[in-house]
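This is my_file-v3.cif. It holds mmCIF, C-alpha atoms.
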data_target
loop_
_atom_site.group_PDB
_atom_site.id
_atom_site.type_symbol
_atom_site.label_atom_id
_atom_site.label_comp_id
_atom_site.auth_asym_id
_atom_site.auth_seq_id
_atom_site.Cartn_x
_atom_site.Cartn_y
_atom_site.Cartn_z
ATOM 1 C CA MET C 1301 151.226 71.610 147.665
ATOM 2 C CA LEU C 1302 148.873 69.660 145.387
ATOM 3 C CA SER C 1303 149.089 71.961 142.385
ATOM 4 C CA THR C 1304 152.858 71.472 141.965
ATOM 5 C CA GLU C 1305 152.712 67.668 141.817
ATOM 6 C CA THR C 1306 153.458 65.987 138.526
ATOM 7 C CA LYS C 1307 150.235 64.957 136.846
ATOM 8 C CA TYR C 1308 149.792 62.059 134.475
ATOM 9 C CA HIS C 1309 147.025 61.172 132.073
ATOM 10 C CA ALA C 1310 145.807 58.316 129.954
ATOM 11 C CA SER C 1311 142.845 58.025 127.620
ATOM 12 C CA PHE C 1312 140.806 54.991 126.679
ATOM 13 C CA VAL C 1313 137.407 54.058 125.294
ATOM 14 C CA ILE C 1314 134.860 51.923 127.134
ATOM 15 C CA ASP C 1315 131.345 51.333 125.801
ATOM 16 C CA ASN C 1316 131.807 54.030 123.148
ATOM 17 C CA ILE C 1317 132.725 56.626 125.794
ATOM 18 C CA GLN C 1318 136.155 58.208 125.646
ATOM 19 C CA PHE C 1319 137.621 58.564 129.127
ATOM 20 C CA THR C 1320 140.635 60.608 130.092
ATOM 21 C CA VAL C 1321 141.907 60.052 133.607
ATOM 22 C CA ILE C 1322 144.300 62.474 135.274
ATOM 23 C CA ALA C 1323 146.273 61.414 138.342
ATOM 24 C CA THR C 1324 149.078 62.529 140.623
ATOM 25 C CA GLU C 1325 151.372 60.258 142.601
ATOM 26 C CA SER C 1326 148.726 60.422 145.345
ATOM 27 C CA GLY C 1327 145.657 59.427 143.364
ATOM 28 C CA ILE C 1328 143.057 60.101 140.707
ATOM 29 C CA ARG C 1329 142.460 63.831 140.230
ATOM 30 C CA ASN C 1330 139.956 63.978 137.345
ATOM 31 C CA ILE C 1331 137.919 61.804 135.048
ATOM 32 C CA ILE C 1332 136.867 63.511 131.850
ATOM 33 C CA PHE C 1333 134.658 61.891 129.272
ATOM 34 C CA ASN C 1334 133.735 62.600 125.675
ATOM 35 C CA SER C 1335 135.563 65.900 125.709
ATOM 36 C CA GLU C 1336 137.342 67.522 122.817
ATOM 37 C CA ASP C 1337 139.364 69.576 125.301
ATOM 38 C CA THR C 1338 141.692 66.618 125.883
ATOM 39 C CA ASP C 1339 143.723 67.294 122.724
ATOM 40 C CA ASN C 1340 146.259 69.513 124.510
ATOM 41 C CA LEU C 1341 146.578 67.511 127.734
ATOM 42 C CA SER C 1342 150.103 66.428 126.857
ATOM 43 C CA GLU C 1343 151.177 70.059 127.174
ATOM 44 C CA LYS C 1344 150.022 70.095 130.821
ATOM 45 C CA TYR C 1345 150.395 66.488 131.929
ATOM 46 C CA ARG C 1346 152.714 63.604 131.200
ATOM 47 C CA VAL C 1347 151.237 60.757 129.229
ATOM 48 C CA ASN C 1348 151.589 57.614 131.274
ATOM 49 C CA PRO C 1349 149.072 54.891 130.395
ATOM 50 C CA ASN C 1350 151.001 52.376 132.509
ATOM 51 C CA ASP C 1351 150.705 54.352 135.748
ATOM 52 C CA PRO C 1352 149.124 51.946 138.266
ATOM 53 C CA ARG C 1353 146.473 54.464 139.325
ATOM 54 C CA LEU C 1354 145.444 55.103 135.723
ATOM 55 C CA HIS C 1355 145.581 51.415 134.901
ATOM 56 C CA SER C 1356 143.380 50.595 137.892
ATOM 57 C CA ALA C 1357 140.887 53.309 136.917
ATOM 58 C CA TYR C 1358 140.622 51.788 133.443
ATOM 59 C CA PHE C 1359 139.996 48.264 134.752
ATOM 60 C CA GLN C 1360 137.514 49.366 137.398
ATOM 61 C CA LEU C 1361 135.541 51.475 134.914
ATOM 62 C CA GLN C 1362 135.559 48.555 132.485
ATOM 63 C CA GLU C 1363 134.233 46.258 135.233
ATOM 64 C CA TYR C 1364 131.536 48.822 136.061
ATOM 65 C CA PHE C 1365 130.361 48.948 132.449
ATOM 66 C CA ASN C 1366 130.432 45.139 132.310
ATOM 67 C CA ARG C 1367 128.173 45.100 135.404
ATOM 68 C CA GLU C 1368 130.915 43.387 137.409
ATOM 69 C CA ARG C 1369 131.585 46.313 139.793
ATOM 70 C CA ARG C 1370 129.240 48.330 141.988
ATOM 71 C CA LYS C 1371 131.772 50.324 144.023
ATOM 72 C CA PHE C 1372 135.122 51.779 143.105
ATOM 73 C CA ASN C 1373 138.292 51.315 145.082
ATOM 74 C CA LEU C 1374 140.582 54.007 143.723
ATOM 75 C CA PRO C 1375 142.869 56.425 145.540
ATOM 76 C CA LEU C 1376 141.381 59.879 145.006
ATOM 77 C CA GLU C 1377 143.212 63.196 145.140
ATOM 78 C CA ILE C 1378 140.397 65.649 144.605
ATOM 79 C CA GLU C 1379 140.501 69.368 145.103
ATOM 80 C CA GLY C 1380 137.564 71.548 146.002
ATOM 81 C CA THR C 1381 136.086 73.686 148.731
ATOM 82 C CA GLU C 1382 135.067 72.071 151.993
ATOM 83 C CA PHE C 1383 131.424 72.382 150.953
ATOM 84 C CA GLN C 1384 132.078 70.710 147.586
ATOM 85 C CA LYS C 1385 133.943 67.900 149.297
ATOM 86 C CA SER C 1386 131.037 67.425 151.728
ATOM 87 C CA VAL C 1387 128.645 67.114 148.769
ATOM 88 C CA TRP C 1388 130.930 64.638 146.998
ATOM 89 C CA HIS C 1389 131.323 62.627 150.199
ATOM 90 C CA GLU C 1390 127.532 62.460 150.515
ATOM 91 C CA LEU C 1391 127.245 61.286 146.898
ATOM 92 C CA LEU C 1392 129.390 58.273 147.782
ATOM 93 C CA LYS C 1393 126.653 57.188 150.207
ATOM 94 C CA ILE C 1394 124.043 56.772 147.446
ATOM 95 C CA PRO C 1395 123.843 53.020 146.829
ATOM 96 C CA PHE C 1396 124.351 51.511 143.402
ATOM 97 C CA GLY C 1397 121.039 51.347 141.561
ATOM 98 C CA GLN C 1398 119.362 54.046 143.634
ATOM 99 C CA THR C 1399 118.724 57.725 143.044
ATOM 100 C CA ILE C 1400 117.973 60.724 145.220
ATOM 101 C CA SER C 1401 116.835 64.242 144.413
ATOM 102 C CA TYR C 1402 118.919 67.379 144.673
ATOM 103 C CA GLN C 1403 116.543 68.485 147.427
ATOM 104 C CA THR C 1404 117.123 65.276 149.395
ATOM 105 C CA LEU C 1405 120.866 65.749 148.990
ATOM 106 C CA ALA C 1406 120.580 69.322 150.314
ATOM 107 C CA ILE C 1407 118.548 68.098 153.296
ATOM 108 C CA ARG C 1408 121.168 65.419 154.032
ATOM 109 C CA LEU C 1409 123.710 68.226 154.131
ATOM 110 C CA GLY C 1410 121.634 70.098 156.671
ATOM 111 C CA ASP C 1411 119.519 72.653 154.809
ATOM 112 C CA LYS C 1412 117.101 72.247 151.896
ATOM 113 C CA LYS C 1413 117.832 75.868 150.952
ATOM 114 C CA LEU C 1414 121.279 74.674 149.806
ATOM 115 C CA ILE C 1415 119.730 73.019 146.763
ATOM 116 C CA ARG C 1416 121.403 75.343 144.210
ATOM 117 C CA ALA C 1417 124.788 75.114 145.915
ATOM 118 C CA VAL C 1418 124.416 71.328 146.067
ATOM 119 C CA ALA C 1419 123.514 71.187 142.373
ATOM 120 C CA ASN C 1420 126.499 73.377 141.524
ATOM 121 C CA ALA C 1421 128.909 71.229 143.558
ATOM 122 C CA ASN C 1422 127.400 68.113 142.017
ATOM 123 C CA GLY C 1423 128.095 69.556 138.566
ATOM 124 C CA LEU C 1424 131.720 70.272 139.494
ATOM 125 C CA ASN C 1425 132.423 66.697 140.587
ATOM 126 C CA PRO C 1426 135.945 66.010 139.262
ATOM 127 C CA VAL C 1427 135.578 62.209 139.197
ATOM 128 C CA PRO C 1428 132.132 61.400 137.808
ATOM 129 C CA ILE C 1429 130.940 57.805 137.878
ATOM 130 C CA VAL C 1430 133.445 57.010 140.650
ATOM 131 C CA ILE C 1431 131.720 59.650 142.771
ATOM 132 C CA PRO C 1432 128.204 58.908 141.491
ATOM 133 C CA CYS C 1433 126.762 62.342 140.745
ATOM 134 C CA HIS C 1434 124.627 60.696 138.041
ATOM 135 C CA ARG C 1435 122.459 59.231 140.829
ATOM 136 C CA VAL C 1436 121.026 62.661 141.639
ATOM 137 C CA ILE C 1437 117.835 63.527 139.769
ATOM 138 C CA GLY C 1438 115.048 66.096 139.897
ATOM 139 C CA ALA C 1439 112.495 65.903 142.715
ATOM 140 C CA ASP C 1440 109.884 64.805 140.160
ATOM 141 C CA GLY C 1441 112.139 62.003 138.885
ATOM 142 C CA SER C 1442 113.256 63.951 135.835
ATOM 143 C CA MET C 1443 116.715 63.706 134.356
ATOM 144 C CA VAL C 1444 118.281 67.082 135.011
ATOM 145 C CA GLY C 1445 121.851 68.246 134.754
ATOM 146 C CA TYR C 1446 124.790 66.025 133.994
ATOM 147 C CA GLY C 1447 128.189 67.061 132.666
ATOM 148 C CA GLY C 1448 128.265 64.118 130.281
ATOM 149 C CA GLY C 1449 124.787 64.861 128.991
ATOM 150 C CA ILE C 1450 121.377 63.519 129.886
ATOM 151 C CA GLU C 1451 121.699 60.552 127.507
ATOM 152 C CA LEU C 1452 124.813 59.340 129.339
ATOM 153 C CA LYS C 1453 123.163 59.916 132.725
ATOM 154 C CA GLU C 1454 120.192 57.799 131.639
ATOM 155 C CA LYS C 1455 122.565 55.159 130.299
ATOM 156 C CA LEU C 1456 124.416 54.957 133.635
ATOM 157 C CA LEU C 1457 121.169 54.732 135.601
ATOM 158 C CA THR C 1458 119.905 52.032 133.235
ATOM 159 C CA LEU C 1459 123.147 50.121 133.673
ATOM 160 C CA GLU C 1460 122.653 50.290 137.440
ATOM 161 C CA GLY C 1461 119.051 49.141 137.152
ATOM 162 C CA SER C 1462 117.353 52.293 138.413
ATOM 163 C CA ARG C 1463 115.941 53.045 134.943
ATOM 164 C CA THR C 1464 114.542 50.648 132.365
ATOM 165 C CA MET C 1465 115.065 52.683 129.202
ATOM 166 C CA GLU C 1466 116.631 50.904 126.262
ATOM 167 C CA LEU C 1467 119.743 52.981 125.779
ATOM 168 C CA PHE C 1468 122.285 50.294 125.042
ATOM 169 C CA ASN C 1469 122.078 50.171 121.274
ATOM 170 C CA LEU C 1470 124.161 47.285 120.015
ATOM 171 C CA GLU C 1471 123.906 48.346 116.377
#

Hey, can you dump this file as structure tokens for me?
Amino acid sequence: MLSTETKYHASFVIDNIQFTVIATESGIRNIIFNSEDTDNLSEKYRVNPNDPRLHSAYFQLQEYFNRERRKFNLPLEIEGTEFQKSVWHELLKIPFGQTISYQTLAIRLGDKKLIRAVANANGLNPVPIVIPCHRVIGADGSMVGYGGGIELKEKLLTLEGSRTMELFNLE
């Protein structure tokens, strides 16, 4: 059973964003960023910054932020309902540098009335950036909802070229 597997974590900073990656022997379980809730992770998970899955996550995220990577190739071990997994699978189909609306995502899943459920599942994405939930925006093009905050969402979309805002302050 997944919940009894030993879990490992490592934390690192890329582009002024603190990432904590949690993995099992089978793959990446969670990516958490800029959270103060990571202080007690060592009580739940073993610290293992040299774990190959965690190491690979670090390098691939670093490549992404250096604009050297457009897709991730990481083993994922994500838990969720079948509906959540279907939403996350659909998110992986959104190309780098493109965005879609929550309504479009709901329609792709078969029913535009699912928009709230889709938005909720999108918000519960356990591996943001790798599963690109930041590429989902409001139907009017507005920046709505992102676990890392709207500023980070805009920054990611700018990095990918789908926004032109100047959010990379080098000061």

Starting from 6 Å padding per side, set up an axis-aligned box that covers all listed atoms of range 1423-1440 of chain C and hand over centre and edge lengths in Å, one decimal, as lines of an AutoDock Vina configuration file.
center_x = 122.9
center_y = 63.6
center_z = 140.3
size_x = 38.1
size_y = 25.3
size_z = 17.0

Write out, as a tab-separated table, each residue of range 1318-1414 of chain C that has an atom at most 8 Å from range 1432-1454 of chain C, together with the closest pair of atoms and their distance in Å to one decimal, counting all atoms listed in the file, rows going by chain and rising number.
residue	atom	partner	partner_atom	distance
C:Phe1333	CA	C:Gly1448	CA	6.8
C:Asn1334	CA	C:Gly1448	CA	7.3
C:Trp1388	CA	C:Cys1433	CA	7.9
C:Leu1391	CA	C:Pro1432	CA	6.0
C:Leu1392	CA	C:Pro1432	CA	6.4
C:Ile1394	CA	C:Arg1435	CA	7.2
C:Gln1398	CA	C:Arg1435	CA	6.7
C:Thr1399	CA	C:Arg1435	CA	4.6
C:Ile1400	CA	C:Val1436	CA	5.1
C:Ser1401	CA	C:Ile1437	CA	4.8
C:Tyr1402	CA	C:Val1436	CA	6.0
C:Gln1403	CA	C:Ala1439	CA	6.7
C:Leu1405	CA	C:Val1436	CA	8.0

Closest to Ile1317 in chain C among C:Phe1365, C:Glu1379, C:Arg1329, C:Phe1359, using all atoms listed in the file?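 Nearest candidate to Ile1317 in chain C out of C:Phe1365, C:Glu1379, C:Arg1329, C:Phe1359: C:Phe1365.
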
Report the residues retrieved by the PyMOL selection byres ((chain C and resi 1362) around 12) from the displayed file, expressed as a CSV table (one decimal) with C-alpha atoms, in the coordinates of the input.
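For reference, out_35.csv as written:
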chain,number,residue,atom,x,y,z
C,1312,PHE,CA,140.8,55.0,126.7
C,1313,VAL,CA,137.4,54.1,125.3
C,1314,ILE,CA,134.9,51.9,127.1
C,1315,ASP,CA,131.3,51.3,125.8
C,1316,ASN,CA,131.8,54.0,123.1
C,1317,ILE,CA,132.7,56.6,125.8
C,1318,GLN,CA,136.2,58.2,125.6
C,1319,PHE,CA,137.6,58.6,129.1
C,1355,HIS,CA,145.6,51.4,134.9
C,1356,SER,CA,143.4,50.6,137.9
C,1357,ALA,CA,140.9,53.3,136.9
C,1358,TYR,CA,140.6,51.8,133.4
C,1359,PHE,CA,140.0,48.3,134.8
C,1360,GLN,CA,137.5,49.4,137.4
C,1361,LEU,CA,135.5,51.5,134.9
C,1363,GLU,CA,134.2,46.3,135.2
C,1364,TYR,CA,131.5,48.8,136.1
C,1365,PHE,CA,130.4,48.9,132.4
C,1366,ASN,CA,130.4,45.1,132.3
C,1367,ARG,CA,128.2,45.1,135.4
C,1368,GLU,CA,130.9,43.4,137.4
C,1369,ARG,CA,131.6,46.3,139.8
C,1370,ARG,CA,129.2,48.3,142.0
C,1372,PHE,CA,135.1,51.8,143.1
C,1429,ILE,CA,130.9,57.8,137.9
C,1430,VAL,CA,133.4,57.0,140.6

Do you have the CA of Arg1346 in chain C-CA of Lys1385 in chain C distance handy?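 We find that CA of Arg1346 in chain C and CA of Lys1385 in chain C lie 26.4 Å from each other.
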
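You will find CA of Tyr1308 in chain C at 14.3 Å from CA of Ile1378 in chain C.
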